[in-house]
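*Asks:* Quick one, model_31.cif (mmCIF, N, CA and C atoms):
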data_target
#
loop_
_atom_site.label_atom_id
_atom_site.label_comp_id
_atom_site.auth_asym_id
_atom_site.auth_seq_id
_atom_site.Cartn_x
_atom_site.Cartn_y
_atom_site.Cartn_z
N MET A 1 -0.86 -12.85 -31.58
CA MET A 1 -1.12 -13.41 -30.27
C MET A 1 -0.17 -12.80 -29.24
N GLY A 2 -0.69 -12.63 -28.06
CA GLY A 2 0.10 -12.04 -26.99
C GLY A 2 0.88 -13.08 -26.21
N ARG A 3 1.41 -12.64 -25.12
CA ARG A 3 2.28 -13.47 -24.30
C ARG A 3 1.54 -14.66 -23.70
N TRP A 4 0.29 -14.49 -23.32
CA TRP A 4 -0.47 -15.53 -22.64
C TRP A 4 -1.40 -16.26 -23.58
N GLY A 5 -1.17 -16.14 -24.87
CA GLY A 5 -2.02 -16.82 -25.83
C GLY A 5 -3.31 -16.10 -26.12
N THR A 6 -3.44 -14.88 -25.63
CA THR A 6 -4.62 -14.08 -25.88
C THR A 6 -4.19 -12.85 -26.66
N PRO A 7 -5.11 -12.20 -27.34
CA PRO A 7 -4.74 -11.03 -28.14
C PRO A 7 -4.17 -9.89 -27.29
N GLU A 8 -3.15 -9.24 -27.80
CA GLU A 8 -2.57 -8.02 -27.24
C GLU A 8 -2.01 -8.20 -25.84
N GLY A 9 -1.56 -9.37 -25.47
CA GLY A 9 -0.91 -9.57 -24.19
C GLY A 9 -1.82 -9.46 -23.00
N ARG A 10 -3.10 -9.74 -23.18
CA ARG A 10 -4.04 -9.62 -22.07
C ARG A 10 -4.19 -10.96 -21.37
N CYS A 11 -4.35 -10.89 -20.07
CA CYS A 11 -4.56 -12.08 -19.26
C CYS A 11 -5.87 -11.91 -18.50
N SER A 12 -6.90 -12.61 -18.90
CA SER A 12 -8.22 -12.54 -18.27
C SER A 12 -8.79 -11.13 -18.27
N GLY A 13 -8.54 -10.36 -19.30
CA GLY A 13 -9.11 -9.03 -19.41
C GLY A 13 -8.28 -7.94 -18.74
N ILE A 14 -7.20 -8.28 -18.07
CA ILE A 14 -6.36 -7.28 -17.42
C ILE A 14 -5.06 -7.19 -18.19
N MET A 15 -4.64 -6.00 -18.48
CA MET A 15 -3.42 -5.80 -19.26
C MET A 15 -2.20 -6.21 -18.45
N VAL A 16 -1.34 -7.01 -19.04
CA VAL A 16 -0.08 -7.37 -18.38
C VAL A 16 0.78 -6.11 -18.39
N SER A 17 1.17 -5.67 -17.21
CA SER A 17 1.76 -4.34 -17.09
C SER A 17 3.27 -4.35 -17.30
N ASP A 18 3.77 -3.17 -17.38
CA ASP A 18 5.18 -2.93 -17.57
C ASP A 18 5.93 -3.18 -16.26
N PRO A 19 7.05 -3.90 -16.28
CA PRO A 19 7.80 -4.12 -15.04
C PRO A 19 8.34 -2.83 -14.42
N PHE A 20 8.51 -1.81 -15.25
CA PHE A 20 8.98 -0.52 -14.74
C PHE A 20 7.97 0.09 -13.77
N VAL A 21 6.70 0.01 -14.10
CA VAL A 21 5.65 0.56 -13.24
C VAL A 21 5.57 -0.22 -11.94
N ILE A 22 5.70 -1.54 -12.02
CA ILE A 22 5.68 -2.36 -10.82
C ILE A 22 6.88 -2.03 -9.94
N ALA A 23 8.05 -1.80 -10.55
CA ALA A 23 9.24 -1.45 -9.77
C ALA A 23 9.08 -0.10 -9.09
N ILE A 24 8.49 0.86 -9.77
CA ILE A 24 8.26 2.19 -9.18
C ILE A 24 7.30 2.07 -7.99
N LEU A 25 6.22 1.30 -8.16
CA LEU A 25 5.28 1.11 -7.06
C LEU A 25 5.95 0.37 -5.89
N GLY A 26 6.81 -0.58 -6.20
CA GLY A 26 7.53 -1.30 -5.14
C GLY A 26 8.47 -0.40 -4.37
N ILE A 27 9.19 0.46 -5.08
CA ILE A 27 10.09 1.41 -4.41
C ILE A 27 9.29 2.38 -3.55
N ALA A 28 8.14 2.83 -4.06
CA ALA A 28 7.29 3.74 -3.29
C ALA A 28 6.74 3.04 -2.05
N ALA A 29 6.36 1.77 -2.17
CA ALA A 29 5.83 1.02 -1.02
C ALA A 29 6.91 0.83 0.04
N VAL A 30 8.11 0.48 -0.37
CA VAL A 30 9.21 0.31 0.59
C VAL A 30 9.57 1.65 1.22
N GLY A 31 9.57 2.71 0.42
CA GLY A 31 9.87 4.04 0.96
C GLY A 31 8.85 4.49 2.00
N MET A 32 7.57 4.24 1.72
CA MET A 32 6.54 4.61 2.69
C MET A 32 6.63 3.74 3.95
N SER A 33 7.02 2.48 3.79
CA SER A 33 7.18 1.61 4.96
C SER A 33 8.33 2.09 5.85
N VAL A 34 9.44 2.48 5.24
CA VAL A 34 10.56 3.01 6.01
C VAL A 34 10.17 4.33 6.67
N LEU A 35 9.45 5.17 5.94
CA LEU A 35 8.99 6.44 6.50
C LEU A 35 8.04 6.20 7.67
N CYS A 36 7.21 5.18 7.56
CA CYS A 36 6.28 4.84 8.64
C CYS A 36 7.05 4.45 9.91
N LEU A 37 8.16 3.76 9.74
CA LEU A 37 8.94 3.34 10.90
C LEU A 37 9.78 4.45 11.51
N THR A 38 10.11 5.46 10.73
CA THR A 38 11.02 6.50 11.22
C THR A 38 10.31 7.78 11.68
N LEU A 39 9.07 7.98 11.30
CA LEU A 39 8.37 9.20 11.70
C LEU A 39 8.06 9.19 13.20
N ARG A 40 8.20 10.35 13.82
CA ARG A 40 7.93 10.45 15.25
C ARG A 40 6.48 10.85 15.54
N ASN A 41 5.85 11.49 14.58
CA ASN A 41 4.44 11.83 14.72
C ASN A 41 3.62 10.60 14.32
N LEU A 42 2.83 10.09 15.25
CA LEU A 42 2.13 8.84 15.02
C LEU A 42 1.04 8.96 13.96
N VAL A 43 0.39 10.10 13.87
CA VAL A 43 -0.66 10.28 12.86
C VAL A 43 -0.04 10.24 11.46
N ARG A 44 1.08 10.90 11.28
CA ARG A 44 1.76 10.86 9.98
C ARG A 44 2.29 9.46 9.68
N ALA A 45 2.71 8.74 10.70
CA ALA A 45 3.16 7.36 10.50
C ALA A 45 2.02 6.47 10.01
N VAL A 46 0.82 6.68 10.54
CA VAL A 46 -0.33 5.90 10.10
C VAL A 46 -0.69 6.24 8.65
N VAL A 47 -0.58 7.50 8.28
CA VAL A 47 -0.85 7.90 6.90
C VAL A 47 0.19 7.26 5.97
N ALA A 48 1.45 7.23 6.38
CA ALA A 48 2.49 6.58 5.58
C ALA A 48 2.21 5.08 5.46
N PHE A 49 1.72 4.46 6.53
CA PHE A 49 1.34 3.05 6.49
C PHE A 49 0.21 2.81 5.49
N ALA A 50 -0.78 3.68 5.51
CA ALA A 50 -1.91 3.54 4.59
C ALA A 50 -1.46 3.70 3.14
N LEU A 51 -0.57 4.65 2.88
CA LEU A 51 -0.05 4.82 1.53
C LEU A 51 0.78 3.62 1.09
N SER A 52 1.55 3.07 2.01
CA SER A 52 2.33 1.87 1.70
C SER A 52 1.40 0.72 1.32
N SER A 53 0.33 0.56 2.05
CA SER A 53 -0.64 -0.49 1.75
C SER A 53 -1.34 -0.23 0.42
N ALA A 54 -1.61 1.02 0.11
CA ALA A 54 -2.25 1.36 -1.17
C ALA A 54 -1.31 1.07 -2.34
N PHE A 55 -0.02 1.38 -2.19
CA PHE A 55 0.94 1.05 -3.24
C PHE A 55 1.06 -0.46 -3.43
N LEU A 56 1.02 -1.20 -2.34
CA LEU A 56 1.06 -2.65 -2.43
C LEU A 56 -0.18 -3.19 -3.14
N ALA A 57 -1.33 -2.59 -2.88
CA ALA A 57 -2.55 -2.98 -3.59
C ALA A 57 -2.42 -2.71 -5.09
N GLY A 58 -1.77 -1.61 -5.44
CA GLY A 58 -1.52 -1.32 -6.85
C GLY A 58 -0.64 -2.36 -7.50
N ILE A 59 0.36 -2.84 -6.78
CA ILE A 59 1.22 -3.90 -7.30
C ILE A 59 0.41 -5.18 -7.51
N PHE A 60 -0.42 -5.53 -6.55
CA PHE A 60 -1.25 -6.72 -6.70
C PHE A 60 -2.15 -6.61 -7.92
N TYR A 61 -2.73 -5.44 -8.13
CA TYR A 61 -3.63 -5.26 -9.26
C TYR A 61 -2.88 -5.39 -10.58
N LEU A 62 -1.69 -4.80 -10.66
CA LEU A 62 -0.92 -4.89 -11.90
C LEU A 62 -0.39 -6.30 -12.16
N LEU A 63 -0.29 -7.10 -11.12
CA LEU A 63 0.13 -8.50 -11.30
C LEU A 63 -1.07 -9.42 -11.53
N ALA A 64 -2.18 -8.85 -11.99
CA ALA A 64 -3.39 -9.58 -12.37
C ALA A 64 -4.01 -10.32 -11.20
N SER A 65 -4.03 -9.69 -10.04
CA SER A 65 -4.70 -10.25 -8.87
C SER A 65 -5.61 -9.19 -8.25
N PRO A 66 -6.73 -8.91 -8.90
CA PRO A 66 -7.58 -7.81 -8.42
C PRO A 66 -8.25 -8.09 -7.07
N TYR A 67 -8.51 -9.36 -6.77
CA TYR A 67 -9.15 -9.66 -5.48
C TYR A 67 -8.18 -9.42 -4.32
N ALA A 68 -6.91 -9.79 -4.50
CA ALA A 68 -5.92 -9.51 -3.46
C ALA A 68 -5.71 -8.00 -3.33
N ALA A 69 -5.77 -7.28 -4.44
CA ALA A 69 -5.62 -5.83 -4.40
C ALA A 69 -6.78 -5.19 -3.65
N ALA A 70 -7.98 -5.65 -3.91
CA ALA A 70 -9.14 -5.09 -3.22
C ALA A 70 -9.10 -5.41 -1.73
N LEU A 71 -8.69 -6.61 -1.40
CA LEU A 71 -8.58 -6.99 0.01
C LEU A 71 -7.52 -6.16 0.72
N GLU A 72 -6.36 -5.98 0.09
CA GLU A 72 -5.28 -5.19 0.70
C GLU A 72 -5.71 -3.73 0.86
N LEU A 73 -6.41 -3.22 -0.13
CA LEU A 73 -6.82 -1.82 -0.07
C LEU A 73 -7.88 -1.59 1.00
N THR A 74 -8.84 -2.48 1.11
CA THR A 74 -9.88 -2.28 2.10
C THR A 74 -9.42 -2.60 3.51
N VAL A 75 -8.67 -3.66 3.68
CA VAL A 75 -8.24 -4.05 5.03
C VAL A 75 -7.00 -3.28 5.45
N GLY A 76 -5.97 -3.28 4.62
CA GLY A 76 -4.72 -2.63 4.99
C GLY A 76 -4.81 -1.13 5.06
N ALA A 77 -5.18 -0.52 3.95
CA ALA A 77 -5.21 0.94 3.90
C ALA A 77 -6.45 1.51 4.57
N GLY A 78 -7.53 0.76 4.58
CA GLY A 78 -8.76 1.28 5.14
C GLY A 78 -8.96 0.95 6.60
N LEU A 79 -9.25 -0.30 6.87
CA LEU A 79 -9.65 -0.72 8.20
C LEU A 79 -8.54 -0.54 9.24
N VAL A 80 -7.37 -1.05 8.96
CA VAL A 80 -6.29 -1.00 9.95
C VAL A 80 -5.84 0.43 10.20
N ALA A 81 -5.73 1.23 9.13
CA ALA A 81 -5.31 2.62 9.31
C ALA A 81 -6.34 3.41 10.12
N VAL A 82 -7.61 3.20 9.87
CA VAL A 82 -8.64 3.90 10.63
C VAL A 82 -8.63 3.47 12.09
N LEU A 83 -8.46 2.17 12.33
CA LEU A 83 -8.38 1.70 13.72
C LEU A 83 -7.16 2.28 14.45
N PHE A 84 -6.02 2.34 13.77
CA PHE A 84 -4.84 2.96 14.38
C PHE A 84 -5.09 4.43 14.69
N LEU A 85 -5.70 5.15 13.75
CA LEU A 85 -5.97 6.57 13.98
C LEU A 85 -6.93 6.78 15.15
N VAL A 86 -7.98 5.98 15.23
CA VAL A 86 -8.92 6.11 16.33
C VAL A 86 -8.24 5.80 17.66
N ALA A 87 -7.42 4.78 17.71
CA ALA A 87 -6.73 4.42 18.95
C ALA A 87 -5.75 5.51 19.37
N ILE A 88 -5.04 6.09 18.41
CA ILE A 88 -4.08 7.15 18.73
C ILE A 88 -4.82 8.39 19.23
N LEU A 89 -5.89 8.77 18.56
CA LEU A 89 -6.60 9.98 18.95
C LEU A 89 -7.34 9.80 20.27
N LEU A 90 -7.86 8.60 20.54
CA LEU A 90 -8.52 8.35 21.83
C LEU A 90 -7.52 8.30 22.97
N ALA A 91 -6.33 7.80 22.70
CA ALA A 91 -5.31 7.74 23.75
C ALA A 91 -4.68 9.10 24.00
N GLY A 92 -4.82 10.01 23.03
CA GLY A 92 -4.30 11.37 23.21
C GLY A 92 -2.81 11.49 22.97
N GLY A 93 -2.19 10.54 22.33
CA GLY A 93 -0.75 10.62 22.06
C GLY A 93 -0.48 10.72 20.58
N GLU A 94 -0.33 11.94 20.08
CA GLU A 94 -0.07 12.11 18.66
C GLU A 94 1.42 12.07 18.34
N GLU A 95 2.25 12.43 19.31
CA GLU A 95 3.68 12.46 19.03
C GLU A 95 4.40 11.67 20.12
N LEU A 96 5.35 10.86 19.67
CA LEU A 96 6.12 10.04 20.57
C LEU A 96 7.18 10.91 21.25
N GLU A 97 7.22 10.88 22.56
CA GLU A 97 8.20 11.70 23.27
C GLU A 97 9.50 10.97 23.42
N ALA A 98 10.60 11.71 23.26
CA ALA A 98 11.93 11.12 23.37
C ALA A 98 12.28 10.90 24.86
N PRO A 99 12.86 9.75 25.18
CA PRO A 99 13.27 9.52 26.56
C PRO A 99 14.43 10.44 26.94
N ALA A 100 14.42 10.88 28.20
CA ALA A 100 15.45 11.84 28.66
C ALA A 100 16.72 11.13 29.07
#
So that I can check it, write out the structure of this file as structure tokens.
*Replies:*
Amino acid sequence: MGRWGTPEGRCSGIMVSDPFVIAILGIAAVGMSVLCLTLRNLVRAVVAFALSSAFLAGIFYLLASPYAAALELTVGAGLVAVLFLVAILLAGGEELEAPA
């Protein structure tokens, strides 16, 4: 019997994952979030935001919450990132200018 009383450590058909993988995804998500805040090119910042959201969705999935993962992936990495990109490209400001 596994950890949750089911064979092979499975919880509702999803494998209970290794904490090392969750930690790596967490570090990658925090790294992409910091990169998103520090990049001066707005398009690259939006891509870093989308990757951060995708890593967070991976964490949700590994923690046996596939619906939260799907919601984060579609809304965070998909919808919000596309809206940010469209707004940036329509406004014509791809790079933030430094004040003199």
*Asks:* Residues of stretch 55-86 of chain A within 8 Å of stretch 41-46 of chain A: nearest atom pair and distance (Å, one decimal) for each, counting only N, CA and C atoms, sorted by chain and number, as CSV?
*Replies:*
residue,atom,partner,partner_atom,distance
A:Val80,C,A:Val46,CA,7.8
A:Ala81,CA,A:Val46,C,5.9
A:Val82,N,A:Val46,C,7.7
A:Phe84,C,A:Val46,CA,6.8
A:Leu85,N,A:Val46,CA,6.5
*Asks:* Output, as AutoDock Vina command-line options, the centre and edge lengths in Å (one decimal) of the axis-aligned box that contains all listed atoms of stretch 29-42 of chain A with 4 Å of margin on each side.
*Replies:*
--center_x 6.0 --center_y 6.1 --center_z 6.7 --size_x 18.0 --size_y 19.5 --size_z 25.7
*Asks:* I need the residue nearest A:Ser33 from this list: A:Leu51, A:Leu63, A:Ala77, A:Ala68. Use only N, CA and C atoms for the distance.
*Replies:*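 Closest residue, counting only N, CA and C atoms: A:Leu51.
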*Asks:* If you count all atoms listed in the file, which residues fall within 6.5 Å of A:Gly76, apart from same-chain ones fewer than 3 positions away, as an mmCIF file with N, CA and C atoms, in the coordinates of the input?
*Replies:*
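Output file result_38.cif is given in full below:
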data_model
loop_
_atom_site.group_PDB
_atom_site.id
_atom_site.type_symbol
_atom_site.label_atom_id
_atom_site.label_comp_id
_atom_site.auth_asym_id
_atom_site.auth_seq_id
_atom_site.Cartn_x
_atom_site.Cartn_y
_atom_site.Cartn_z
ATOM 1 N N PHE A 49 1.720 4.460 6.530
ATOM 2 C CA PHE A 49 1.340 3.050 6.490
ATOM 3 C C PHE A 49 0.210 2.810 5.490
ATOM 4 N N ALA A 50 -0.780 3.680 5.510
ATOM 5 C CA ALA A 50 -1.910 3.540 4.590
ATOM 6 C C ALA A 50 -1.460 3.700 3.140
ATOM 7 N N SER A 53 0.330 0.560 2.050
ATOM 8 C CA SER A 53 -0.640 -0.490 1.750
ATOM 9 C C SER A 53 -1.340 -0.230 0.420
ATOM 10 N N ALA A 54 -1.610 1.020 0.110
ATOM 11 C CA ALA A 54 -2.250 1.360 -1.170
ATOM 12 C C ALA A 54 -1.310 1.070 -2.340
ATOM 13 N N LEU A 71 -8.690 -6.610 -1.400
ATOM 14 C CA LEU A 71 -8.580 -6.990 0.010
ATOM 15 C C LEU A 71 -7.520 -6.160 0.720
ATOM 16 N N GLU A 72 -6.360 -5.980 0.090
ATOM 17 C CA GLU A 72 -5.280 -5.190 0.700
ATOM 18 C C GLU A 72 -5.710 -3.730 0.860
ATOM 19 N N LEU A 73 -6.410 -3.220 -0.130
ATOM 20 C CA LEU A 73 -6.820 -1.820 -0.070
ATOM 21 C C LEU A 73 -7.880 -1.590 1.000
ATOM 22 N N LEU A 79 -9.250 -0.300 6.870
ATOM 23 C CA LEU A 79 -9.650 -0.720 8.200
ATOM 24 C C LEU A 79 -8.540 -0.540 9.240
ATOM 25 N N VAL A 80 -7.370 -1.050 8.960
ATOM 26 C CA VAL A 80 -6.290 -1.000 9.950
ATOM 27 C C VAL A 80 -5.840 0.430 10.200
ATOM 28 N N ALA A 81 -5.730 1.230 9.130
ATOM 29 C CA ALA A 81 -5.310 2.620 9.310
ATOM 30 C C ALA A 81 -6.340 3.410 10.120
#
*Asks:* Just the number, please: distance in Å from atom CA of A:Val30 to atom CA of A:Val75, one decimal.
*Replies:*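 Here the two named atoms are 18.5 Å from each other.
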